[in-house]
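Have a look at data-v5.txt; it's compact mmCIF, C-alpha atoms and all ligand atoms:
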# COMPACT_ATOMS: atom_id res chain seq x y z
CA MET L 1 24.87 11.22 -15.84
CA ALA L 2 21.74 10.60 -13.76
CA CYS L 3 21.36 8.90 -10.41
CA ILE L 4 18.63 6.27 -10.60
CA VAL L 5 17.08 3.92 -8.05
CA GLN L 6 15.47 0.84 -9.60
CA LYS L 7 13.18 -1.36 -7.47
CA PHE L 8 12.11 -4.85 -8.51
CA GLY L 9 9.14 -6.55 -6.82
CA GLY L 10 8.52 -10.22 -6.02
CA THR L 11 7.22 -11.40 -9.40
CA SER L 12 10.10 -9.65 -11.16
CA VAL L 13 12.62 -11.75 -9.18
CA ALA L 14 10.46 -14.89 -8.91
CA ASP L 15 13.15 -17.27 -10.23
CA THR L 16 16.77 -17.20 -11.36
CA ALA L 17 15.86 -16.58 -15.02
CA ARG L 18 13.93 -13.47 -14.00
CA ILE L 19 16.79 -12.34 -11.77
CA ARG L 20 19.07 -12.55 -14.82
CA ASN L 21 16.52 -10.49 -16.74
CA VAL L 22 16.56 -7.90 -13.94
CA ALA L 23 20.36 -7.81 -14.16
CA LEU L 24 20.02 -6.87 -17.83
CA LYS L 25 17.66 -3.99 -16.98
CA VAL L 26 20.15 -2.70 -14.43
CA LYS L 27 23.01 -3.15 -16.89
CA ALA L 28 21.16 -1.10 -19.52
CA GLU L 29 20.94 1.91 -17.17
CA TYR L 30 24.53 1.37 -16.00
CA ASP L 31 25.90 1.09 -19.55
CA ALA L 32 24.07 4.30 -20.45
CA GLY L 33 26.42 6.02 -18.00
CA ASN L 34 24.07 6.39 -15.03
CA LYS L 35 24.78 5.85 -11.35
CA VAL L 36 22.42 3.08 -10.32
CA ALA L 37 21.29 1.65 -6.96
CA VAL L 38 18.91 -1.30 -6.90
CA VAL L 39 16.33 -2.36 -4.29
CA VAL L 40 14.79 -5.83 -4.41
CA SER L 41 11.95 -7.74 -2.76
CA ALA L 42 11.92 -11.40 -1.82
CA MET L 43 11.12 -13.90 -4.60
CA ALA L 44 7.34 -14.15 -5.16
CA GLY L 45 5.60 -16.21 -2.48
CA VAL L 46 8.61 -16.38 -0.15
CA THR L 47 7.45 -13.74 2.36
CA ASN L 48 3.98 -15.37 2.54
CA ARG L 49 5.61 -18.70 3.36
CA LEU L 50 7.77 -17.12 6.06
CA VAL L 51 4.68 -15.51 7.61
CA GLU L 52 2.96 -18.94 7.62
CA TYR L 53 5.94 -20.50 9.43
CA CYS L 54 5.63 -17.91 12.19
CA LYS L 55 1.89 -18.62 12.58
CA GLU L 56 2.52 -22.37 12.66
CA ILE L 57 4.93 -22.00 15.58
CA CYS L 58 2.47 -19.98 17.65
CA GLU L 59 -0.34 -17.49 17.02
CA ASP L 60 1.02 -15.16 19.65
CA TYR L 61 4.58 -14.78 18.37
CA ALA L 62 6.87 -11.94 19.39
CA PRO L 63 6.91 -9.29 16.64
CA GLU L 64 10.68 -8.85 17.10
CA GLU L 65 11.24 -12.46 16.05
CA TYR L 66 8.62 -12.27 13.27
CA ASP L 67 10.72 -9.51 11.69
CA VAL L 68 13.88 -11.61 11.97
CA VAL L 69 12.12 -14.40 10.08
CA VAL L 70 10.20 -12.50 7.39
CA SER L 71 13.10 -10.21 6.48
CA THR L 72 15.21 -13.16 5.31
CA GLY L 73 13.58 -13.46 1.87
CA GLU L 74 15.21 -10.25 0.66
CA GLN L 75 18.69 -11.40 1.71
CA VAL L 76 18.51 -14.24 -0.81
CA THR L 77 17.59 -11.95 -3.72
CA ILE L 78 20.28 -9.32 -3.06
CA GLY L 79 22.98 -12.02 -3.15
CA LEU L 80 21.57 -13.62 -6.29
CA LEU L 81 21.14 -10.32 -8.12
CA ALA L 82 24.65 -9.14 -7.17
CA MET L 83 25.99 -12.43 -8.61
CA ALA L 84 23.91 -12.04 -11.78
CA LEU L 85 25.17 -8.49 -12.26
CA GLN L 86 28.78 -9.55 -11.78
CA ALA L 87 28.23 -12.36 -14.30
CA ALA L 88 26.89 -9.76 -16.74
CA GLY L 89 30.03 -7.67 -16.28
CA VAL L 90 28.58 -5.07 -13.91
CA PRO L 91 30.50 -4.55 -10.64
CA ALA L 92 27.92 -5.00 -7.84
CA ARG L 93 27.69 -5.57 -4.10
CA SER L 94 24.82 -6.55 -1.83
CA TRP L 95 23.69 -4.60 1.26
CA THR L 96 21.22 -5.75 3.92
CA GLY L 97 19.13 -3.14 5.72
CA TRP L 98 21.31 -3.32 8.84
CA GLN L 99 24.56 -3.09 6.90
CA ILE L 100 23.54 0.26 5.38
CA PRO L 101 22.08 0.97 8.02
CA LEU L 102 18.49 1.92 7.23
CA VAL L 103 17.42 2.98 10.71
CA THR L 104 13.78 2.64 11.78
CA ASP L 105 11.70 3.09 14.90
CA GLY L 106 10.88 0.02 17.00
CA ALA L 107 7.34 -0.63 15.68
CA PHE L 108 8.17 -4.20 14.68
CA SER L 109 6.39 -5.53 11.57
CA LYS L 110 5.33 -1.99 10.57
CA ALA L 111 8.39 0.10 11.36
CA ARG L 112 8.87 3.60 10.02
CA ILE L 113 12.14 4.76 8.52
CA GLN L 114 14.04 7.39 10.49
CA ARG L 115 17.16 7.74 8.36
CA VAL L 116 19.18 6.04 5.65
CA GLU L 117 22.94 6.37 5.86
CA VAL L 118 24.02 6.53 2.26
CA GLU L 119 27.71 7.46 2.52
CA ALA L 120 29.03 3.95 1.86
CA LEU L 121 26.55 3.41 -0.97
CA LYS L 122 27.53 6.72 -2.57
CA ALA L 123 31.21 5.88 -2.30
CA ALA L 124 30.55 2.54 -4.01
CA MET L 125 28.54 4.23 -6.78
CA ASP L 126 31.34 6.74 -7.30
CA LYS L 127 33.65 3.79 -7.94
CA GLY L 128 31.25 2.36 -10.49
CA ILE L 129 29.82 -0.32 -8.20
CA VAL L 130 26.06 -0.97 -8.19
CA PRO L 131 24.70 -1.39 -4.64
CA VAL L 132 21.99 -4.06 -4.45
CA VAL L 133 19.91 -3.25 -1.37
CA ALA L 134 17.45 -5.49 0.47
CA GLY L 135 14.03 -3.84 0.56
CA PHE L 136 11.49 -4.17 3.39
CA GLN L 137 14.10 -4.44 6.17
CA GLY L 138 15.72 -2.06 8.61
CA VAL L 139 17.30 -1.94 12.02
CA THR L 140 16.53 -0.04 15.22
CA GLU L 141 19.06 2.19 16.99
CA ASN L 142 19.48 -0.75 19.38
CA GLY L 143 20.41 -3.13 16.62
CA ARG L 144 17.16 -5.11 16.33
CA VAL L 145 15.93 -6.18 12.90
CA THR L 146 12.68 -4.56 11.72
CA THR L 147 10.42 -4.77 8.67
CA LEU L 148 8.36 -1.99 7.09
CA GLY L 149 4.98 -3.73 6.63
CA ARG L 150 3.86 -5.82 3.66
CA GLY L 151 4.82 -4.27 0.35
CA GLY L 152 7.51 -2.27 2.17
CA SER L 153 10.24 -2.59 -0.47
CA ASP L 154 8.56 0.26 -2.34
CA THR L 155 9.14 2.42 0.71
CA SER L 156 12.78 1.31 1.01
CA ALA L 157 13.31 2.33 -2.61
CA VAL L 158 11.72 5.77 -2.27
CA ALA L 159 13.57 6.45 1.00
CA LEU L 160 16.85 5.50 -0.66
CA ALA L 161 16.06 7.70 -3.67
CA ALA L 162 15.29 10.62 -1.35
CA ALA L 163 18.50 10.10 0.65
CA LEU L 164 20.60 9.82 -2.54
CA LYS L 165 18.73 12.78 -4.08
CA ALA L 166 18.23 10.52 -7.08
CA ASP L 167 16.93 11.92 -10.34
CA ARG L 168 14.43 9.05 -10.65
CA CYS L 169 12.97 6.16 -8.70
CA ASP L 170 11.57 3.45 -10.98
CA ILE L 171 9.32 0.80 -9.42
CA TYR L 172 9.41 -2.26 -11.70
CA THR L 173 6.45 -4.58 -11.23
CA ASP L 174 4.17 -7.08 -12.98
CA VAL L 175 1.80 -4.47 -14.45
CA ASP L 176 2.87 -1.70 -16.83
CA GLY L 177 1.71 1.17 -14.65
CA VAL L 178 -0.98 2.47 -12.35
CA TYR L 179 -4.47 1.75 -13.71
CA THR L 180 -7.85 3.34 -13.11
CA THR L 181 -8.59 0.22 -11.05
CA ASP L 182 -6.96 -3.17 -10.45
CA PRO L 183 -6.47 -4.48 -14.01
CA ARG L 184 -6.73 -8.02 -12.66
CA ILE L 185 -10.40 -7.55 -11.85
CA VAL L 186 -11.57 -5.06 -14.47
CA LYS L 187 -10.47 -5.87 -18.02
CA ALA L 188 -11.57 -2.41 -19.16
CA ALA L 189 -9.20 -0.69 -16.70
CA ARG L 190 -7.11 2.01 -18.33
CA LYS L 191 -3.46 2.83 -17.68
CA LEU L 192 -2.87 6.34 -16.37
CA ASP L 193 0.08 8.21 -17.90
CA LYS L 194 0.26 10.46 -14.87
CA VAL L 195 -1.38 10.52 -11.47
CA THR L 196 -0.97 13.05 -8.66
CA TYR L 197 0.84 12.17 -5.43
CA GLU L 198 -2.35 12.95 -3.52
CA GLU L 199 -4.52 10.64 -5.59
CA MET L 200 -1.94 7.87 -5.52
CA LEU L 201 -1.74 8.26 -1.75
CA GLU L 202 -5.51 7.82 -1.40
CA MET L 203 -5.58 4.96 -3.91
CA ALA L 204 -2.76 3.13 -2.12
CA SER L 205 -4.27 3.58 1.32
CA LEU L 206 -7.68 2.47 0.03
CA GLY L 207 -6.44 -0.81 -1.38
CA ALA L 208 -4.49 -0.35 -4.65
CA LYS L 209 -1.47 -2.37 -3.59
CA VAL L 210 0.67 -1.41 -6.59
CA LEU L 211 2.57 0.98 -4.27
CA GLN L 212 2.82 0.83 -0.49
CA THR L 213 1.08 3.90 0.99
CA ARG L 214 4.11 5.01 2.95
CA SER L 215 6.25 5.05 -0.22
CA VAL L 216 3.88 7.58 -1.79
CA GLU L 217 3.90 9.70 1.38
CA LEU L 218 7.69 9.84 1.25
CA ALA L 219 7.77 10.55 -2.48
CA MET L 220 5.36 13.44 -1.98
CA LYS L 221 7.29 14.84 0.97
CA TYR L 222 10.70 14.66 -0.69
CA GLN L 223 9.45 15.31 -4.24
CA VAL L 224 10.87 12.04 -5.53
CA ASN L 225 10.37 11.59 -9.25
CA LEU L 226 8.49 8.28 -9.06
CA ARG L 227 7.49 5.96 -11.91
CA VAL L 228 5.71 2.59 -11.97
CA VAL L 229 6.88 0.47 -14.91
CA SER L 230 6.70 -3.12 -16.13
CA SER L 231 9.73 -5.35 -15.65
CA PHE L 232 8.57 -7.44 -18.61
CA GLU L 233 8.67 -4.75 -21.30
CA ASP L 234 11.72 -3.62 -23.24
CA GLU L 235 11.09 0.11 -23.25
CA PRO L 236 8.58 0.71 -20.50
CA VAL L 237 6.75 4.04 -20.32
CA GLY L 238 4.66 3.34 -17.23
CA THR L 239 2.94 5.86 -14.98
CA THR L 240 4.55 8.95 -13.50
CA ILE L 241 3.45 10.09 -10.05
CA CYS L 242 3.78 13.88 -9.89
CA ASP L 243 2.28 17.18 -8.74
CA GLU L 244 -1.12 18.27 -10.05
CA GLU L 245 0.27 21.21 -12.02
CA ASN L 246 2.25 18.79 -14.19
CA ILE L 247 -0.93 17.16 -15.46
CA VAL L 248 -2.64 18.99 -18.27
CA GLU L 249 -5.77 16.97 -19.02
CA LYS L 250 -7.23 16.01 -15.69
CA GLU L 251 -10.22 13.70 -15.28
CA ILE L 252 -12.60 14.32 -12.38
CA ILE L 253 -12.11 10.78 -11.14
CA SER L 254 -8.76 8.99 -11.49
CA GLY L 255 -9.47 5.64 -9.94
CA ILE L 256 -11.68 3.14 -8.16
CA THR L 257 -10.23 0.98 -5.39
CA TYR L 258 -11.42 -1.84 -3.21
CA SER L 259 -10.16 -3.16 0.08
CA ARG L 260 -11.13 -6.53 1.51
CA ASP L 261 -9.30 -6.10 4.81
CA GLU L 262 -12.37 -4.56 6.42
CA ALA L 263 -14.75 -5.53 9.21
CA LYS L 264 -17.76 -3.90 10.81
CA ILE L 265 -18.80 -3.79 14.46
CA THR L 266 -22.22 -2.66 15.66
CA LEU L 267 -22.93 -1.86 19.29
CA ALA L 268 -26.69 -2.21 19.56
CA GLY L 269 -28.60 -0.37 22.24
CA VAL L 270 -26.05 2.19 23.38
CA HIS L 271 -27.29 5.14 25.44
CA ASP L 272 -27.96 8.25 23.38
CA LYS L 273 -26.02 10.63 25.63
CA PRO L 274 -22.71 12.50 25.65
CA GLY L 275 -19.60 10.49 26.46
CA VAL L 276 -20.61 7.16 24.93
CA SER L 277 -18.72 7.63 21.64
CA ALA L 278 -15.73 8.87 23.60
CA ALA L 279 -15.73 5.69 25.70
CA ILE L 280 -15.94 3.41 22.64
CA PHE L 281 -13.27 5.14 20.56
CA ASN L 282 -11.03 5.70 23.52
CA ALA L 283 -10.98 1.94 24.10
CA MET L 284 -10.05 1.38 20.43
CA ALA L 285 -7.37 4.08 20.40
CA GLU L 286 -5.76 2.73 23.56
CA ALA L 287 -5.46 -0.65 21.86
CA ASN L 288 -3.89 1.07 18.81
CA ILE L 289 -6.81 -0.04 16.59
CA SER L 290 -7.59 2.43 13.83
CA VAL L 291 -11.27 3.04 13.25
CA ASP L 292 -12.34 4.17 9.81
CA MET L 293 -16.04 4.73 8.98
CA ILE L 294 -18.50 5.60 11.75
CA VAL L 295 -22.30 5.54 11.56
CA GLN L 296 -24.63 6.40 14.42
CA SER L 297 -28.31 5.99 13.81
CA ASP L 298 -30.83 8.45 15.23
CA SER L 299 -32.57 7.18 18.35
CA ALA L 300 -36.33 6.88 17.92
CA ASP L 301 -37.05 7.15 21.65
CA GLY L 302 -34.25 9.54 22.61
CA GLN L 303 -32.90 6.82 24.91
CA SER L 304 -30.90 4.30 22.97
CA THR L 305 -29.33 3.96 19.53
CA ASP L 306 -26.91 1.82 17.50
CA MET L 307 -23.29 2.68 16.80
CA THR L 308 -21.50 1.08 13.84
CA PHE L 309 -17.86 1.45 12.85
CA THR L 310 -15.33 -0.24 10.60
CA LEU L 311 -11.78 -1.38 11.29
CA PRO L 312 -9.17 -3.67 9.68
CA GLU L 313 -10.40 -7.27 9.63
CA SER L 314 -7.13 -8.38 11.19
CA GLU L 315 -8.03 -6.40 14.34
CA LEU L 316 -11.62 -7.64 14.65
CA SER L 317 -11.23 -10.33 17.30
CA ARG L 318 -9.05 -8.11 19.49
CA ALA L 319 -11.54 -5.24 19.20
CA LEU L 320 -14.50 -7.47 20.12
CA SER L 321 -12.82 -8.79 23.23
CA ILE L 322 -11.84 -5.27 24.34
CA LEU L 323 -15.43 -4.02 23.85
CA GLU L 324 -16.85 -7.05 25.67
CA LYS L 325 -14.56 -6.29 28.63
CA SER L 326 -15.66 -2.64 28.67
CA LYS L 327 -19.37 -3.50 28.35
CA SER L 328 -20.46 -2.06 31.68
CA GLU L 329 -18.36 1.07 31.24
CA ILE L 330 -19.65 1.80 27.69
CA GLY L 331 -23.18 0.49 28.27
CA PHE L 332 -24.67 -1.41 25.33
CA HIS L 333 -27.18 -4.17 24.76
CA SER L 334 -25.37 -6.43 22.30
CA LEU L 335 -22.35 -6.61 20.05
CA LEU L 336 -22.64 -7.62 16.36
CA SER L 337 -19.86 -8.01 13.82
CA ASP L 338 -19.43 -8.79 10.14
CA SER L 339 -16.21 -9.35 8.19
CA ASP L 340 -17.95 -10.14 4.90
CA VAL L 341 -17.65 -6.52 3.84
CA VAL L 342 -15.48 -4.54 1.43
CA LYS L 343 -14.73 -0.87 1.10
CA ILE L 344 -15.08 0.58 -2.39
CA SER L 345 -13.73 4.06 -3.06
CA VAL L 346 -13.85 6.59 -5.84
CA VAL L 347 -10.76 8.85 -5.90
CA GLY L 348 -10.06 12.05 -7.81
CA VAL L 349 -8.78 15.59 -7.19
CA GLY L 350 -11.52 16.82 -9.56
CA MET L 351 -14.01 16.25 -6.74
CA ARG L 352 -12.84 19.51 -5.19
CA THR L 353 -14.29 21.49 -8.05
CA HIS L 354 -17.09 19.30 -9.40
CA VAL L 355 -20.41 18.51 -7.80
CA GLY L 356 -22.48 15.38 -8.33
CA VAL L 357 -19.86 12.69 -7.74
CA ALA L 358 -21.72 11.25 -4.74
CA ARG L 359 -25.01 11.29 -6.64
CA LYS L 360 -23.49 9.41 -9.57
CA MET L 361 -21.85 6.90 -7.25
CA PHE L 362 -25.01 6.05 -5.29
CA LYS L 363 -27.10 5.88 -8.46
CA ALA L 364 -24.69 3.40 -10.08
CA LEU L 365 -24.71 1.22 -6.95
CA SER L 366 -28.48 1.32 -6.53
CA GLU L 367 -29.02 0.37 -10.17
CA LYS L 368 -27.16 -2.86 -9.40
CA GLY L 369 -29.21 -3.37 -6.22
CA ILE L 370 -26.17 -2.88 -3.97
CA ASN L 371 -26.90 -1.72 -0.45
CA VAL L 372 -24.54 0.81 1.15
CA GLN L 373 -23.82 0.05 4.82
CA ALA L 374 -21.51 2.96 5.71
CA ILE L 375 -20.00 6.00 4.01
CA SER L 376 -16.93 8.13 4.55
CA THR L 377 -15.56 11.03 2.55
CA SER L 378 -12.54 13.27 2.25
CA GLU L 379 -11.88 16.17 -0.08
CA ILE L 380 -10.80 13.85 -2.90
CA LYS L 381 -12.52 10.51 -2.19
CA ILE L 382 -15.82 8.87 -1.32
CA SER L 383 -15.79 5.40 0.23
CA VAL L 384 -18.69 3.03 0.82
CA LEU L 385 -18.91 -0.22 2.72
CA ILE L 386 -20.86 -3.01 0.99
CA ALA L 387 -21.27 -6.80 1.24
CA SER L 388 -18.18 -8.58 -0.15
CA GLU L 389 -20.17 -10.61 -2.66
CA TYR L 390 -20.83 -7.39 -4.62
CA ALA L 391 -17.22 -6.15 -4.67
CA GLU L 392 -16.39 -6.84 -8.30
CA LEU L 393 -19.83 -5.87 -9.55
CA ALA L 394 -19.57 -2.54 -7.73
CA VAL L 395 -16.05 -1.78 -8.98
CA ARG L 396 -17.09 -2.53 -12.57
CA ALA L 397 -20.31 -0.51 -12.31
CA LEU L 398 -18.51 2.53 -10.89
CA HIS L 399 -15.70 2.22 -13.40
CA ALA L 400 -18.24 2.41 -16.21
CA ALA L 401 -20.36 5.10 -14.55
CA PHE L 402 -17.39 7.45 -14.25
CA ASN L 403 -16.38 6.86 -17.90
CA LEU L 404 -13.11 5.20 -16.97
CA ASP L 405 -13.55 2.17 -19.23
CA LYS L 406 -10.92 1.83 -21.93
CA LYS L 407 -12.18 3.02 -25.29
CA GLU L 408 -12.37 0.16 -27.78
CA GLY L 409 -9.99 0.11 -30.74
P1 LIG F 501 5.35 -6.21 -6.57
O1 LIG F 501 5.56 -7.62 -6.16
O2 LIG F 501 6.07 -5.86 -7.83
O3 LIG F 501 5.61 -5.24 -5.47
P2 LIG F 501 2.49 -6.01 -6.10
O4 LIG F 501 1.78 -7.31 -6.22
O5 LIG F 501 2.79 -5.51 -4.74
O6 LIG F 501 3.82 -6.09 -6.99
O7 LIG F 501 1.68 -4.86 -6.86
C1 LIG F 501 1.29 -5.03 -8.22
C2 LIG F 501 -0.17 -5.47 -8.30
O8 LIG F 501 -1.01 -4.42 -7.82
C3 LIG F 501 -0.67 -5.75 -9.68
O9 LIG F 501 -0.39 -7.06 -10.08
C4 LIG F 501 -2.17 -5.44 -9.58
O10 LIG F 501 -2.96 -6.61 -9.52
C5 LIG F 501 -2.32 -4.71 -8.27
N1 LIG F 501 -3.09 -3.48 -8.39
C6 LIG F 501 -4.13 -3.11 -7.59
N2 LIG F 501 -4.65 -1.95 -7.96
C7 LIG F 501 -3.93 -1.53 -9.03
C8 LIG F 501 -3.99 -0.36 -9.86
N3 LIG F 501 -4.89 0.61 -9.66
N4 LIG F 501 -3.08 -0.25 -10.88
C9 LIG F 501 -2.17 -1.21 -11.08
N5 LIG F 501 -2.06 -2.33 -10.33
C10 LIG F 501 -2.93 -2.50 -9.31
N1 LIG F 502 8.70 -9.09 0.49
C1 LIG F 502 7.85 -8.15 1.21
C2 LIG F 502 6.37 -8.53 1.06
O1 LIG F 502 6.07 -9.50 0.37
C3 LIG F 502 8.09 -6.73 0.81
C4 LIG F 502 7.73 -6.38 -0.62
O2 LIG F 502 7.55 -7.26 -1.45
O3 LIG F 502 7.63 -5.19 -0.90
O4 LIG F 502 5.55 -7.90 1.62
MG MG F 503 4.43 -4.54 -3.86
Please lay out the structure from this file as structure tokens.
Amino acid sequence: MACIVQKFGGTSVADTARIRNVALKVKAEYDAGNKVAVVVSAMAGVTNRLVEYCKEICEDYAPEEYDVVVSTGEQVTIGLLAMALQAAGVPARSWTGWQIPLVTDGAFSKARIQRVEVEALKAAMDKGIVPVVAGFQGVTENGRVTTLGRGGSDTSAVALAAALKADRCDIYTDVDGVYTTDPRIVKAARKLDKVTYEEMLEMASLGAKVLQTRSVELAMKYQVNLRVVSSFEDEPVGTTICDEENIVEKEIISGITYSRDEAKITLAGVHDKPGVSAAIFNAMAEANISVDMIVQSDSADGQSTDMTFTLPESELSRALSILEKSKSEIGFHSLLSDSDVVKISVVGVGMRTHVGVARKMFKALSEKGINVQAISTSEIKISVLIASEYAELAVRALHAAFNLDKKEG
């Protein structure tokens, strides 16, 4: 008998027919003699609508109340799925995040999980009852509702699997696994049978939204046996996320990602002297704005230079007003910004041992006439910032250049 956590995303529970289909997938594991706990997202589109309602009321809403609103989608699906399971002859009961409780810190709208109290869930599972748990939501020690950031049900599922010491955590979604790049934009994308935690972590944080970044972090930390599978296939194989030593044939590059939530700020005419970068990035850090790529051009006259950096597009207007306010302190001539940019990244653990990845990447981009505006690297990835209009062209060109395209036939 295995203990399994199954998570179903928004498209998998998009309507009542699909919820009945999900109930059958749960029943199959249950009937096979396993202990099963289920985590569900809100029905597709519901969370987006709830976010819109908040914005319509006022742009400057309190994050505490935003979480109360946007967490409601999941409450509908846990009730409906518990009913569908009962109708299919499987004893089931719903649990909200605060009933469990799944305790988080107080960073509303992007809270981090501190602990999951699983005693009641375990007791139910011992009695043959399937707990149906609302993903995405938690509660602070003080009893306030929180949410875990968009896509956060993945993280709820992995945290629950870790707390239950589950044998497997299966993430059911609308694609049949993790691909070399988003299969919705590159038809030649190839499904990966296995991918390392590290690579998946980079891919998720660089834009592959198939798993929320934090869920991969937790899976890596607690060694959760994680799989991404299709909820529309009968016997899904999917992709296993595991340690590097469990992968025999390893490609140099595993995937290409793109992220559109990027913006670029240039401070033109800053003094070329010590302390200026510190003043700029101190202002950003104090406002809790995370800066990603940084480019400082050489000053021709030894006096002044330009400083460019990237940040999430959603933080752009706040960052500009902070910099404008600190203009005299930092000392710059003018402030320029551009949100028509995307970050394209090439990810692979093989980069540690192989040279020439950067050369191949820049050659492929230049052959398509794509200008690189900023670069950042880590041990297992290279990212470039380019104009958004070239996003798909760049992803396709790199996918082909690194031999990731699916072989015909
Ligand atoms: P769910 O609602 O099940 O959580 P998501 O929409 O959050 O599903 O994530 C699945 C989507 O992630 C896919 O439909 C796909 O378009 C996208 N995606 C982006 N990059 C990748 C990738 N490398 N492999 C697979 N899917 C990807
Ligand atoms: N319903 C939430 C969202 O749309 C959480 C999730 O789907 O994982 O972001
Ligand atoms: Mg998701």
Could you make a table, as a tab-separated table, of the residues of chain L that have an atom within 6 Å of an atom of ligand LIG 502 (chain F), each with its nearest atom pair and distance in Å to one decimal, counting only C-alpha atoms and all ligand atoms, in chain and number order?
residue	atom	partner	partner_atom	distance
L:Gly9	CA	F:LIG502	O2	5.6
L:Gly10	CA	F:LIG502	O2	5.5
L:Ser41	CA	F:LIG502	O2	4.6
L:Ala42	CA	F:LIG502	N1	4.6
L:Thr47	CA	F:LIG502	O1	4.9
L:Phe136	CA	F:LIG502	C3	5.0
L:Arg150	CA	F:LIG502	O4	3.4
L:Gly151	CA	F:LIG502	O3	3.2
L:Gly152	CA	F:LIG502	O3	4.2
L:Ser153	CA	F:LIG502	O3	3.7
L:Asp154	CA	F:LIG502	O3	5.7
Compare L:Leu102, L:Ile280, L:Ala391, L:Val372 by their minimum atom-to-atom distance to Phe332 of chain L, counting all atoms listed in the file, and give me the closest one.
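Between L:Leu102, L:Ile280, L:Ala391, L:Val372, the residue approaching Phe332 of chain L most closely is L:Ile280.
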Residue nearest Leu211 of chain L - candidates L:Gln75, L:Thr239, L:Thr155, L:Gln296, atoms counted: all atoms listed in the file:
L:Thr155
Here is a test: counting all atoms listed in the file, which residue of L:Asp60, L:Asp292, L:Asp174, L:Asp340 is nearest to ligand LIG 501 (chain F)?
L:Asp174
Closest of L:Asp306, L:Glu389, L:Asp298, L:Glu315 to Met284 of chain L - atom-to-atom distances counting only C-alpha atoms
L:Glu315
